[in-house]
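The structure file entry.txt is reproduced below (compact mmCIF, C-alpha atoms and all ligand atoms).
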```txt
# COMPACT_ATOMS: atom_id res chain seq x y z
CA MET A 1 -13.70 38.67 -94.65
CA SER A 2 -14.18 35.05 -95.57
CA ILE A 3 -16.23 33.33 -98.17
CA LEU A 4 -17.76 30.21 -96.65
CA LYS A 5 -18.60 26.99 -98.44
CA ILE A 6 -22.32 26.72 -99.22
CA ILE A 7 -23.82 23.33 -98.43
CA GLU A 8 -25.90 21.76 -101.17
CA TYR A 9 -29.26 20.02 -101.06
CA GLY A 10 -28.80 16.39 -100.09
CA ASN A 11 -26.61 17.24 -97.09
CA PRO A 12 -28.51 16.26 -93.88
CA ILE A 13 -27.42 19.50 -92.14
CA LEU A 14 -30.06 21.32 -94.21
CA ARG A 15 -32.81 19.14 -92.66
CA GLU A 16 -31.82 19.83 -89.04
CA LYS A 17 -33.68 22.22 -86.77
CA SER A 18 -31.42 25.10 -85.79
CA LYS A 19 -30.81 26.32 -82.25
CA GLU A 20 -31.46 29.80 -80.87
CA VAL A 21 -28.45 32.08 -80.45
CA THR A 22 -27.95 32.65 -76.71
CA LYS A 23 -25.37 35.44 -76.98
CA ILE A 24 -24.19 37.57 -79.88
CA SER A 25 -20.51 36.90 -79.23
CA LYS A 26 -17.58 38.01 -81.35
CA LYS A 27 -17.69 34.57 -82.98
CA ILE A 28 -21.36 35.04 -83.95
CA LYS A 29 -20.64 38.51 -85.36
CA THR A 30 -17.83 37.04 -87.47
CA LEU A 31 -20.19 34.31 -88.69
CA ILE A 32 -22.77 36.96 -89.67
CA THR A 33 -20.27 39.09 -91.61
CA ASP A 34 -18.90 35.96 -93.30
CA MET A 35 -22.48 34.96 -94.23
CA LEU A 36 -23.02 38.40 -95.79
CA ASP A 37 -19.72 38.15 -97.72
CA THR A 38 -20.71 34.67 -98.88
CA MET A 39 -24.19 35.79 -99.96
CA TYR A 40 -22.85 38.77 -101.97
CA HIS A 41 -20.10 36.64 -103.48
CA ALA A 42 -22.71 34.12 -104.68
CA ASN A 43 -25.06 36.89 -105.94
CA GLY A 44 -27.80 35.64 -103.61
CA VAL A 45 -30.60 37.64 -101.99
CA GLY A 46 -30.54 35.58 -98.80
CA LEU A 47 -28.53 33.03 -96.85
CA ALA A 48 -29.30 31.08 -93.68
CA ALA A 49 -26.69 29.79 -91.20
CA PRO A 50 -27.42 26.07 -91.84
CA GLN A 51 -26.41 26.65 -95.47
CA VAL A 52 -22.87 27.32 -94.27
CA GLY A 53 -22.94 24.39 -91.86
CA GLU A 54 -24.04 26.20 -88.68
CA ASN A 55 -27.36 25.07 -87.23
CA LEU A 56 -28.05 28.43 -85.58
CA ARG A 57 -31.14 30.64 -85.96
CA ILE A 58 -29.58 33.35 -88.12
CA PHE A 59 -30.23 34.52 -91.65
CA VAL A 60 -29.19 37.46 -93.81
CA ILE A 61 -31.04 39.11 -96.69
CA ASP A 62 -30.38 41.90 -99.18
CA VAL A 63 -33.16 42.59 -101.66
CA SER A 64 -31.77 45.93 -102.86
CA ASP A 65 -31.07 46.62 -106.54
CA PRO A 66 -27.65 45.06 -107.30
CA SER A 67 -26.61 48.21 -109.18
CA GLY A 68 -27.18 50.45 -106.14
CA PRO A 69 -25.75 50.56 -102.61
CA ILE A 70 -26.00 47.41 -100.46
CA ASN A 71 -28.67 47.10 -97.76
CA PRO A 72 -27.83 44.08 -95.61
CA LEU A 73 -30.52 42.86 -93.22
CA VAL A 74 -29.55 40.54 -90.37
CA PHE A 75 -32.10 38.39 -88.52
CA VAL A 76 -31.07 36.59 -85.32
CA ASN A 77 -33.62 34.35 -83.52
CA PRO A 78 -36.41 35.49 -85.88
CA LYS A 79 -40.08 34.84 -85.17
CA ILE A 80 -42.81 35.30 -87.78
CA ILE A 81 -45.50 37.06 -85.77
CA LYS A 82 -48.04 37.68 -88.56
CA LYS A 83 -48.72 36.15 -91.96
CA SER A 84 -51.58 36.51 -94.40
CA GLY A 85 -52.60 36.22 -98.03
CA ALA A 86 -51.15 33.87 -100.61
CA ILE A 87 -48.98 34.23 -103.67
CA SER A 88 -47.26 32.01 -106.19
CA SER A 89 -43.51 32.58 -106.15
CA TYR A 90 -40.76 31.42 -108.49
CA GLU A 91 -37.77 30.56 -106.32
CA GLY A 92 -34.31 29.18 -106.24
CA CYS A 93 -31.78 28.74 -103.44
CA LEU A 94 -27.99 28.97 -103.14
CA SER A 95 -28.05 25.33 -101.94
CA PHE A 96 -29.76 24.31 -105.22
CA PRO A 97 -27.50 25.68 -107.97
CA LYS A 98 -29.54 26.79 -111.00
CA ALA A 99 -32.74 24.97 -109.96
CA TYR A 100 -35.88 27.12 -109.74
CA THR A 101 -39.50 26.14 -109.28
CA THR A 102 -42.89 27.58 -108.41
CA VAL A 103 -43.85 27.57 -104.74
CA ARG A 104 -46.63 28.85 -102.48
CA ARG A 105 -45.94 31.70 -100.08
CA TYR A 106 -47.80 34.06 -97.81
CA LYS A 107 -48.19 37.49 -99.30
CA ASN A 108 -47.59 39.52 -96.13
CA VAL A 109 -45.37 38.75 -93.18
CA MET A 110 -44.26 40.49 -90.03
CA VAL A 111 -41.09 39.26 -88.36
CA LYS A 112 -39.51 40.02 -85.02
CA ALA A 113 -35.77 39.42 -84.62
CA LEU A 114 -32.51 40.70 -83.16
CA ASP A 115 -29.99 42.62 -85.26
CA ILE A 116 -26.22 42.04 -85.28
CA ASN A 117 -25.91 44.09 -82.06
CA GLY A 118 -28.63 42.12 -80.29
CA ARG A 119 -31.20 44.91 -80.60
CA PRO A 120 -34.76 43.74 -81.24
CA PHE A 121 -36.60 45.03 -84.32
CA ILE A 122 -39.76 44.32 -86.27
CA LYS A 123 -39.84 44.15 -90.06
CA GLU A 124 -42.97 44.05 -92.16
CA ALA A 125 -43.08 42.98 -95.81
CA LYS A 126 -46.22 43.21 -97.92
CA ASP A 127 -47.94 42.36 -101.20
CA GLY A 128 -45.72 39.40 -101.99
CA GLU A 129 -42.69 41.67 -102.46
CA LEU A 130 -39.30 39.95 -102.72
CA LEU A 131 -38.52 40.71 -99.06
CA ALA A 132 -41.73 38.95 -97.91
CA ARG A 133 -40.84 35.84 -99.90
CA ALA A 134 -37.16 35.92 -98.91
CA ILE A 135 -38.02 36.12 -95.19
CA GLN A 136 -40.21 33.01 -95.47
CA HIS A 137 -37.61 31.18 -97.57
CA GLU A 138 -34.75 31.88 -95.15
CA PHE A 139 -36.86 31.32 -92.04
CA ASP A 140 -37.71 27.86 -93.36
CA HIS A 141 -34.02 26.91 -93.48
CA LEU A 142 -33.85 27.34 -89.69
CA ASP A 143 -36.48 24.62 -89.28
CA GLY A 144 -34.89 22.25 -91.79
CA ARG A 145 -37.40 23.14 -94.49
CA MET A 146 -36.65 24.16 -98.05
CA PHE A 147 -38.46 25.92 -100.88
CA ILE A 148 -39.13 22.68 -102.77
CA ASP A 149 -41.24 21.50 -99.80
CA HIS A 150 -43.71 24.25 -100.83
CA CYS A 151 -43.70 23.37 -104.56
CA ARG A 152 -46.98 23.78 -106.40
CA ASN A 153 -46.18 20.96 -108.79
CA ARG A 154 -44.00 18.10 -107.58
CA PHE A 155 -43.48 16.76 -111.12
CA GLU A 156 -42.20 20.11 -112.34
CA ALA A 157 -39.97 20.36 -109.25
CA ASN A 158 -38.56 16.86 -109.76
CA ASN A 159 -37.84 17.56 -113.43
CA VAL A 160 -35.85 20.65 -112.51
CA LEU A 161 -33.96 18.87 -109.72
CA SER A 162 -32.96 15.98 -111.97
CA LYS A 163 -31.97 18.42 -114.74
CA TYR A 164 -29.40 19.95 -112.37
CA ASN A 165 -28.32 16.61 -110.86
CA LEU A 166 -29.85 17.30 -107.47
CA PRO A 167 -31.67 14.67 -105.36
CA SER A 168 -35.42 14.47 -105.98
CA ILE A 169 -38.00 15.99 -103.63
CA GLN A 170 -38.54 14.21 -100.34
CA GLU A 171 -42.25 13.38 -100.24
CA GLU A 172 -42.26 13.17 -96.44
CA PHE A 173 -41.29 16.84 -96.23
CA LEU A 174 -43.85 18.18 -98.70
CA ILE A 175 -46.06 20.75 -96.99
CA ASP A 176 -49.76 20.56 -97.72
CA GLU A 177 -51.09 24.12 -98.09
CA PRO A 178 -54.66 23.80 -99.39
CA GLU A 179 -55.71 27.30 -98.20
CA LEU A 180 -52.76 28.97 -99.92
CA GLU A 181 -53.25 26.94 -103.11
CA GLU A 182 -56.96 27.77 -103.17
CA GLU A 183 -56.29 31.49 -102.79
CA ILE A 184 -53.65 31.41 -105.54
CA VAL A 185 -55.92 29.48 -107.94
CA THR A 186 -58.80 31.89 -107.23
CA TRP A 187 -56.53 34.86 -107.95
CA GLU A 188 -55.33 33.24 -111.18
CA LYS A 189 -58.94 32.69 -112.30
CA GLN A 190 -59.91 36.26 -111.49
CA ASN A 191 -56.79 37.74 -113.11
CA PRO A 192 -56.17 35.52 -116.15
CA ASP A 193 -54.13 38.16 -118.01
CA GLU A 194 -51.79 38.85 -115.12
CA ALA A 195 -51.47 35.13 -114.37
CA GLU A 196 -50.57 34.46 -118.01
CA LYS A 197 -48.02 37.29 -117.95
CA LEU A 198 -46.37 35.75 -114.87
CA ARG A 199 -46.33 32.32 -116.52
CA LYS A 200 -44.65 33.81 -119.61
CA GLU A 201 -42.07 35.63 -117.48
CA ILE A 202 -41.15 32.37 -115.74
CA GLU A 203 -40.96 30.58 -119.09
CA GLU A 204 -38.59 33.24 -120.42
CA LEU A 205 -36.42 32.99 -117.30
CA GLU A 206 -36.33 29.21 -117.79
CA ASN A 207 -35.37 29.47 -121.45
CA GLY A 208 -32.73 32.09 -120.72
CA LYS A 209 -30.76 29.65 -118.58
CA GLU A 210 -28.17 27.40 -120.14
NI NI B 1 -32.42 28.84 -99.62
```

For this file, produce the structure as structure tokens.
Amino acid sequence: MSILKIIEYGNPILREKSKEVTKISKKIKTLITDMLDTMYHANGVGLAAPQVGENLRIFVIDVSDPSGPINPLVFVNPKIIKKSGAISSYEGCLSFPKAYTTVRRYKNVMVKALDINGRPFIKEAKDGELLARAIQHEFDHLDGRMFIDHCRNRFEANNVLSKYNLPSIQEEFLIDEPELEEEIVTWEKQNPDEAEKLRKEIEELENGKE
């Protein structure tokens, strides 16, 4: 078991496109178990290989309740084969210590990948559940993208980044998602009470941090 060093935003490795894994060798299996150890050690729900300095198409996720048994999910050479719907998500990343901001995500995703033994599997995540958002977040890392590239408000994102002494957003990487934004805004208009509740929850999370 080894805890690996997590690379922080600003390091160019995080902007590189990762390569497919050609063979799940002993070395790759060790990398995967070390990534899981590192993720649990950092209390994260997901970690992608580039975050530990390996530009390989691998990520790990565990969205289970921290008080219960662990449920590690390993994705090697993942492909998102279906995506639909839109949701506003409040996210952070182990490469951005303490910095959280609001981003756009698909609500439902279906992903095809290989497990740690090289066996193919399909995983579906729906209704904007944490797993659906985590899959998109980690998948992005493999293409050199990060959650801030999906931010709904670049001023809010930049404020948070500067607050935690991280480099500001890189305008050239911002992803324009007019369809997702439109669907989110429509939902917020149709569900003002729920939207307000979500806003309050985020505000409380923000205020609860030192
Ligand atoms: Ni991340």

Expected answer as an MDAnalysis selection string: residues within 10 Å of ligand NI 1 (chain B), only C-alpha atoms and all ligand atoms | chainID A and resid 8:9 14 44:48 50:51 91:96 134 136:141 145:148

Can those selected residues be exported to a file as an mmCIF file, keeping the file's coordinate frame so that it contains C-alpha atoms?
```
data_model
loop_
_atom_site.group_PDB
_atom_site.id
_atom_site.type_symbol
_atom_site.label_atom_id
_atom_site.label_comp_id
_atom_site.auth_asym_id
_atom_site.auth_seq_id
_atom_site.Cartn_x
_atom_site.Cartn_y
_atom_site.Cartn_z
ATOM 1 C CA GLU A 8 -25.900 21.760 -101.170
ATOM 2 C CA TYR A 9 -29.260 20.020 -101.060
ATOM 3 C CA LEU A 14 -30.060 21.320 -94.210
ATOM 4 C CA GLY A 44 -27.800 35.640 -103.610
ATOM 5 C CA VAL A 45 -30.600 37.640 -101.990
ATOM 6 C CA GLY A 46 -30.540 35.580 -98.800
ATOM 7 C CA LEU A 47 -28.530 33.030 -96.850
ATOM 8 C CA ALA A 48 -29.300 31.080 -93.680
ATOM 9 C CA PRO A 50 -27.420 26.070 -91.840
ATOM 10 C CA GLN A 51 -26.410 26.650 -95.470
ATOM 11 C CA GLU A 91 -37.770 30.560 -106.320
ATOM 12 C CA GLY A 92 -34.310 29.180 -106.240
ATOM 13 C CA CYS A 93 -31.780 28.740 -103.440
ATOM 14 C CA LEU A 94 -27.990 28.970 -103.140
ATOM 15 C CA SER A 95 -28.050 25.330 -101.940
ATOM 16 C CA PHE A 96 -29.760 24.310 -105.220
ATOM 17 C CA ALA A 134 -37.160 35.920 -98.910
ATOM 18 C CA GLN A 136 -40.210 33.010 -95.470
ATOM 19 C CA HIS A 137 -37.610 31.180 -97.570
ATOM 20 C CA GLU A 138 -34.750 31.880 -95.150
ATOM 21 C CA PHE A 139 -36.860 31.320 -92.040
ATOM 22 C CA ASP A 140 -37.710 27.860 -93.360
ATOM 23 C CA HIS A 141 -34.020 26.910 -93.480
ATOM 24 C CA ARG A 145 -37.400 23.140 -94.490
ATOM 25 C CA MET A 146 -36.650 24.160 -98.050
ATOM 26 C CA PHE A 147 -38.460 25.920 -100.880
ATOM 27 C CA ILE A 148 -39.130 22.680 -102.770
#
```

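Going from atom CA of A:Phe121 over to atom CA of A:Lys83, you cover 16.9 Å.
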
Among listed residues A:Lys107, A:Arg57, A:Arg199, A:Lys209, nearest A:Leu180 (using all atoms listed in the file) |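 Checking each candidate against A:Leu180, we get A:Lys107 as the closest.
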
For A:Asp37, which residue out of A:Leu4, A:Ile169, A:Ile61, A:Val52 is the nearest one, using only C-alpha atoms?
->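 The closest residue to A:Asp37 is A:Leu4.
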
Would you be able to write out as a ChimeraX atom specification which residues have an atom within 6 Å of (-39.3, 23.8, -110.4) in the file's coordinates, counting only C-alpha atoms?
-> /A:100-102,156-157,160

Take atom CA of A:Glu196 and atom CA of A:Lys163 and report the distance between them in Å, one decimal.
->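 Computed distance, atom CA of A:Glu196 to atom CA of A:Lys163, equals 24.8 Å.
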
Could you check which of A:Ile3, A:Ala99, A:Val74, A:Leu56 is closest to A:Thr38, using only C-alpha atoms?
->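 Ranking A:Ile3, A:Ala99, A:Val74, A:Leu56 by distance to A:Thr38, first place goes to A:Ile3.
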
Find the residue from A:Asp62, A:Glu206, A:Glu54, A:Glu183 that sits nearest to A:Ala132; use only C-alpha atoms when measuring.
-> A:Asp62

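A straight line drawn from atom CA of A:Ala49 to atom CA of A:Lys112 is 17.5 Å long.
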
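Proximity ranking of A:Asn43, A:Asn158, A:Thr186, A:Asn55 relative to A:Ile70 places A:Asn43 first, based on all atoms listed in the file.
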
Have a look at A:Lys79, A:His41, A:Lys189, A:Arg133 and name the one nearest to A:Met1; count only C-alpha atoms.
->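 That would be A:His41, the residue with the smallest distance to A:Met1.
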
Close residues, A:Val103 itself excluded, 7 Å, all atoms listed in the file, min 2 positions apart in chain, as a list in words |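 These residues fall inside the cut-off: Ser88, Ser89, Tyr90, Glu91, Thr101, Arg105, Phe147, His150, Cys151 and Arg152 of chain A.
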